[in-house]
Amino acid sequence: MIGAIVEVGKLLGIVLDALVATVGVAVLFSMAVLGIARASDQREHNTNAFAYGTLAVVCLLGCLAAAAYGVVLMTNK
Amino acid sequence: MDGDIILVVVIATAIAFDFTNGFHDTANVVATVISTRALPPRLAIGFASVLNFVGAFVSLKVADTVGKGFVHTSQVSTTIVFAGLIGAITWNLVTWYFGLPSSSSHALIGGLVGSMLVAHGFGAIDGEGLLGKLIVPALVAPILAFVAAAAAITIAYRILGRLRPGPVARSFRLGQVVSGGLLALSHGTNDAQKTMGVMTLALVAHGTLHADTFHVPAWVVLSAASAIALGTFSGGWRIIKTMGSRIIRMDPAQGFAAQGAGAAVILAASGAGYPLSTTHVISGGIMGAGAAKRLSAVRWGVAGNIALAWLLTLPAAAAVGALAYGVSRIFGTGALGPLLISVSLLSLLAAVFGRRLRATRSPGQGLASAS
């Protein structure tokens, strides 16, 4: 009876979306912080910081894209 | 004439509810940001109130109007809406007084359900809608935010393990400003919309607007946006203190994980049309971010009090809504009942705030009890 009242499929979809979005953004942001820190260390030691710098920029762009998608979701509600 | 007076009282009460909603829920957005010093308190609250105001204009599709799906809206009258609002305002003020984060949305739905029950009986309540769209999602949401925040912080700590803590904390503080902004925007959209829906429902019940050409007037949007932003700006410090430091002592990465989980759960749920409580979700996220580091980092006694407030929200707001409707009907169907109840509530509020003001002016009172 509960199964008929509660939209189980819809709820599972929410669970999956929320988990993927939270963990995804946390990974992207942490990688960006890691990239910034490592690039800064490498610059201090006069070594090439391009790879870590690129990692930071790409991950930050991913985070900004996720935030922008959140705003789009809000406007379409 | 009586109908016009009741409408004015209902609109004023709805604006008052919206103010308490902003005031009560400031903590959802700013508690983590203040606690980790990502922003100074006044700046954080100003930032949140501006985004709450903007959020109210982001979407005007009142598809998830409060009441729709829980009660049969064709039977709603202005007095029922008034009594429901009184139930919600009363519960918001009681939980604010005890520093407990509870859901303003659930309080509003509870208030409306209570007044509808007294007015029309159980037949006017959509029990399946209440269970399927409100109660079950309300149970799932904080658990989901808890798990999501715990997973996010565990992975973040793994990635950042060997880095120096200073630069990491500074970066996560910046991240918190963005995730907090997203939360404030979604709060303004969600909660101001609910008040707009209630005000529009009252205008339809009064006959000012026609049900078949249902639209939200511009002055309703502007007043709801202003009330929630002003309420947020007034800041409920008691709840900010509970959420920011009494549940866990959090670092910026935990604050970021909690806010990120909160924003993700709210946005995923609102896409599916569930009126989730921002309060429940953020509290769950904060507990998850703390428990993932160390189970004993969470003050489970405080968490238990919060959970109890959640469980009581619907029945308590419903009881006050029912009482308000019953008392107003003692004075007939005119405007006298709602007017008397409003004056009584305002007098009670003036007395409580007067007492608080005198208490905060006395020496030794900290920031936490400032409002």
# chains A, B, ... in the order shown; residues from 1 in each chain; ligands from 1

call {"tool": "interface_residues", "arguments": {"of": "chain B", "to": "chain A", "cutoff": "6 Å", "atoms": "only C-alpha atoms", "output": "list in words"}}
result
Val58, Ser59, Glu128, Gly132, Ala148, Ala152, Ala156, Gly260, Ala261, Ala264, Val265, Ala268 and Ala269 of chain B

call {"tool": "write_last_selection", "arguments": {"atoms": "C-alpha atoms", "output": "short mmCIF file (atom, residue, chain, number, x, y, z; two decimals), in the first residue's frame"}}
result
data_model
loop_
_atom_site.label_atom_id
_atom_site.label_comp_id
_atom_site.auth_asym_id
_atom_site.auth_seq_id
_atom_site.Cartn_x
_atom_site.Cartn_y
_atom_site.Cartn_z
CA VAL B 58 13.97 33.64 -10.15
CA SER B 59 10.89 31.51 -10.75
CA GLU B 128 -2.09 10.02 0.47
CA GLY B 132 3.68 10.39 -0.23
CA ALA B 148 26.04 12.54 0.81
CA ALA B 152 31.89 13.99 0.15
CA ALA B 156 37.84 15.31 0.12
CA GLY B 260 27.06 21.11 -1.16
CA ALA B 261 24.99 18.13 0.02
CA ALA B 264 22.26 19.01 -4.25
CA VAL B 265 19.43 17.34 -2.29
CA ALA B 268 17.27 17.20 -6.99
CA ALA B 269 14.05 17.08 -4.95
#

call {"tool": "atom_distance", "arguments": {"atom1": "CA of Ile341 in chain B", "atom2": "CA of Ile5 in chain B"}}
result
13.5 Å

call {"tool": "residues_around", "arguments": {"residues": "range 298-315 of chain B", "least_positions_apart": "3", "cutoff": "8 Å", "atoms": "only C-alpha atoms", "output": "ChimeraX atom specification"}}
result
/B:91,95,100-103,106-107,109-111,246-248,280,287,290-291,294-295,318-319

call {"tool": "atom_distance", "arguments": {"atom1": "CA of Ala149 in chain B", "atom2": "CA of Ala292 in chain B"}}
result
8.3 Å

call {"tool": "closest_residue", "arguments": {"among": "B:Val221, B:Ala119, B:Leu85, B:Leu230", "to": "Ala317 in chain B", "atoms": "only C-alpha atoms"}}
result
B:Leu85

call {"tool": "closest_residue", "arguments": {"among": "B:Leu203, B:Val71, B:Ala31, B:Leu51", "to": "Phe122 in chain B", "atoms": "only C-alpha atoms"}}
result
B:Val71

call {"tool": "atom_distance", "arguments": {"atom1": "CA of Ala83 in chain B", "atom2": "CA of Val327 in chain B"}}
result
9.4 Å

call {"tool": "decode", "arguments": {"residues": "range 291-318 of chain B", "atoms": "N, CA and C atoms", "output": "mmCIF file, in the first residue's frame"}}
result
data_model
loop_
_atom_site.group_PDB
_atom_site.id
_atom_site.type_symbol
_atom_site.label_atom_id
_atom_site.label_comp_id
_atom_site.auth_asym_id
_atom_site.auth_seq_id
_atom_site.Cartn_x
_atom_site.Cartn_y
_atom_site.Cartn_z
ATOM 1 N N ALA B 291 30.027 13.412 11.493
ATOM 2 C CA ALA B 291 30.112 11.993 11.840
ATOM 3 C C ALA B 291 31.157 11.258 11.008
ATOM 4 N N ALA B 292 31.370 11.723 9.746
ATOM 5 C CA ALA B 292 32.355 11.050 8.892
ATOM 6 C C ALA B 292 33.762 11.226 9.442
ATOM 7 N N LYS B 293 34.010 12.347 10.121
ATOM 8 C CA LYS B 293 35.331 12.582 10.698
ATOM 9 C C LYS B 293 35.486 11.737 11.960
ATOM 10 N N ARG B 294 34.457 11.806 12.797
ATOM 11 C CA ARG B 294 34.482 11.063 14.054
ATOM 12 C C ARG B 294 33.041 11.035 14.584
ATOM 13 N N LEU B 295 32.511 9.851 14.873
ATOM 14 C CA LEU B 295 31.110 9.761 15.321
ATOM 15 C C LEU B 295 30.857 10.614 16.546
ATOM 16 N N SER B 296 31.852 10.649 17.445
ATOM 17 C CA SER B 296 31.662 11.395 18.689
ATOM 18 C C SER B 296 31.776 12.906 18.477
ATOM 19 N N ALA B 297 32.131 13.323 17.222
ATOM 20 C CA ALA B 297 32.220 14.762 16.946
ATOM 21 C C ALA B 297 30.827 15.401 16.930
ATOM 22 N N VAL B 298 29.806 14.557 16.675
ATOM 23 C CA VAL B 298 28.431 15.081 16.639
ATOM 24 C C VAL B 298 27.852 15.056 18.041
ATOM 25 N N ARG B 299 27.276 16.179 18.470
ATOM 26 C CA ARG B 299 26.598 16.191 19.772
ATOM 27 C C ARG B 299 25.203 15.604 19.559
ATOM 28 N N TRP B 300 25.093 14.305 19.841
ATOM 29 C CA TRP B 300 23.869 13.574 19.497
ATOM 30 C C TRP B 300 22.679 14.027 20.338
ATOM 31 N N GLY B 301 22.941 14.596 21.509
ATOM 32 C CA GLY B 301 21.839 15.127 22.323
ATOM 33 C C GLY B 301 21.168 16.295 21.624
ATOM 34 N N VAL B 302 21.993 17.204 21.059
ATOM 35 C CA VAL B 302 21.454 18.348 20.318
ATOM 36 C C VAL B 302 20.716 17.838 19.078
ATOM 37 N N ALA B 303 21.355 16.855 18.391
ATOM 38 C CA ALA B 303 20.734 16.282 17.186
ATOM 39 C C ALA B 303 19.373 15.659 17.532
ATOM 40 N N GLY B 304 19.294 15.008 18.695
ATOM 41 C CA GLY B 304 18.031 14.394 19.137
ATOM 42 C C GLY B 304 16.951 15.442 19.367
ATOM 43 N N ASN B 305 17.330 16.579 19.986
ATOM 44 C CA ASN B 305 16.353 17.659 20.202
ATOM 45 C C ASN B 305 15.820 18.192 18.877
ATOM 46 N N ILE B 306 16.749 18.313 17.908
ATOM 47 C CA ILE B 306 16.342 18.813 16.585
ATOM 48 C C ILE B 306 15.360 17.829 15.938
ATOM 49 N N ALA B 307 15.685 16.532 16.013
ATOM 50 C CA ALA B 307 14.808 15.514 15.420
ATOM 51 C C ALA B 307 13.428 15.536 16.079
ATOM 52 N N LEU B 308 13.412 15.748 17.391
ATOM 53 C CA LEU B 308 12.135 15.811 18.108
ATOM 54 C C LEU B 308 11.302 16.997 17.605
ATOM 55 N N ALA B 309 11.987 18.150 17.392
ATOM 56 C CA ALA B 309 11.282 19.345 16.878
ATOM 57 C C ALA B 309 10.702 19.055 15.494
ATOM 58 N N TRP B 310 11.451 18.280 14.673
ATOM 59 C CA TRP B 310 10.955 17.925 13.341
ATOM 60 C C TRP B 310 9.691 17.087 13.448
ATOM 61 N N LEU B 311 9.734 16.093 14.356
ATOM 62 C CA LEU B 311 8.584 15.194 14.501
ATOM 63 C C LEU B 311 7.350 15.957 14.986
ATOM 64 N N LEU B 312 7.598 16.967 15.832
ATOM 65 C CA LEU B 312 6.472 17.697 16.421
ATOM 66 C C LEU B 312 5.926 18.783 15.500
ATOM 67 N N THR B 313 6.709 19.193 14.482
ATOM 68 C CA THR B 313 6.312 20.353 13.670
ATOM 69 C C THR B 313 4.898 20.231 13.087
ATOM 70 N N LEU B 314 4.644 19.135 12.357
ATOM 71 C CA LEU B 314 3.329 18.991 11.712
ATOM 72 C C LEU B 314 2.186 18.970 12.734
ATOM 73 N N PRO B 315 2.242 18.046 13.740
ATOM 74 C CA PRO B 315 1.119 18.016 14.685
ATOM 75 C C PRO B 315 0.971 19.291 15.513
ATOM 76 N N ALA B 316 2.097 19.899 15.916
ATOM 77 C CA ALA B 316 1.995 21.092 16.763
ATOM 78 C C ALA B 316 1.422 22.268 15.982
ATOM 79 N N ALA B 317 1.937 22.492 14.752
ATOM 80 C CA ALA B 317 1.411 23.597 13.942
ATOM 81 C C ALA B 317 -0.059 23.329 13.600
ATOM 82 N N ALA B 318 -0.389 22.037 13.348
ATOM 83 C CA ALA B 318 -1.779 21.682 13.045
ATOM 84 C C ALA B 318 -2.675 21.977 14.245
#
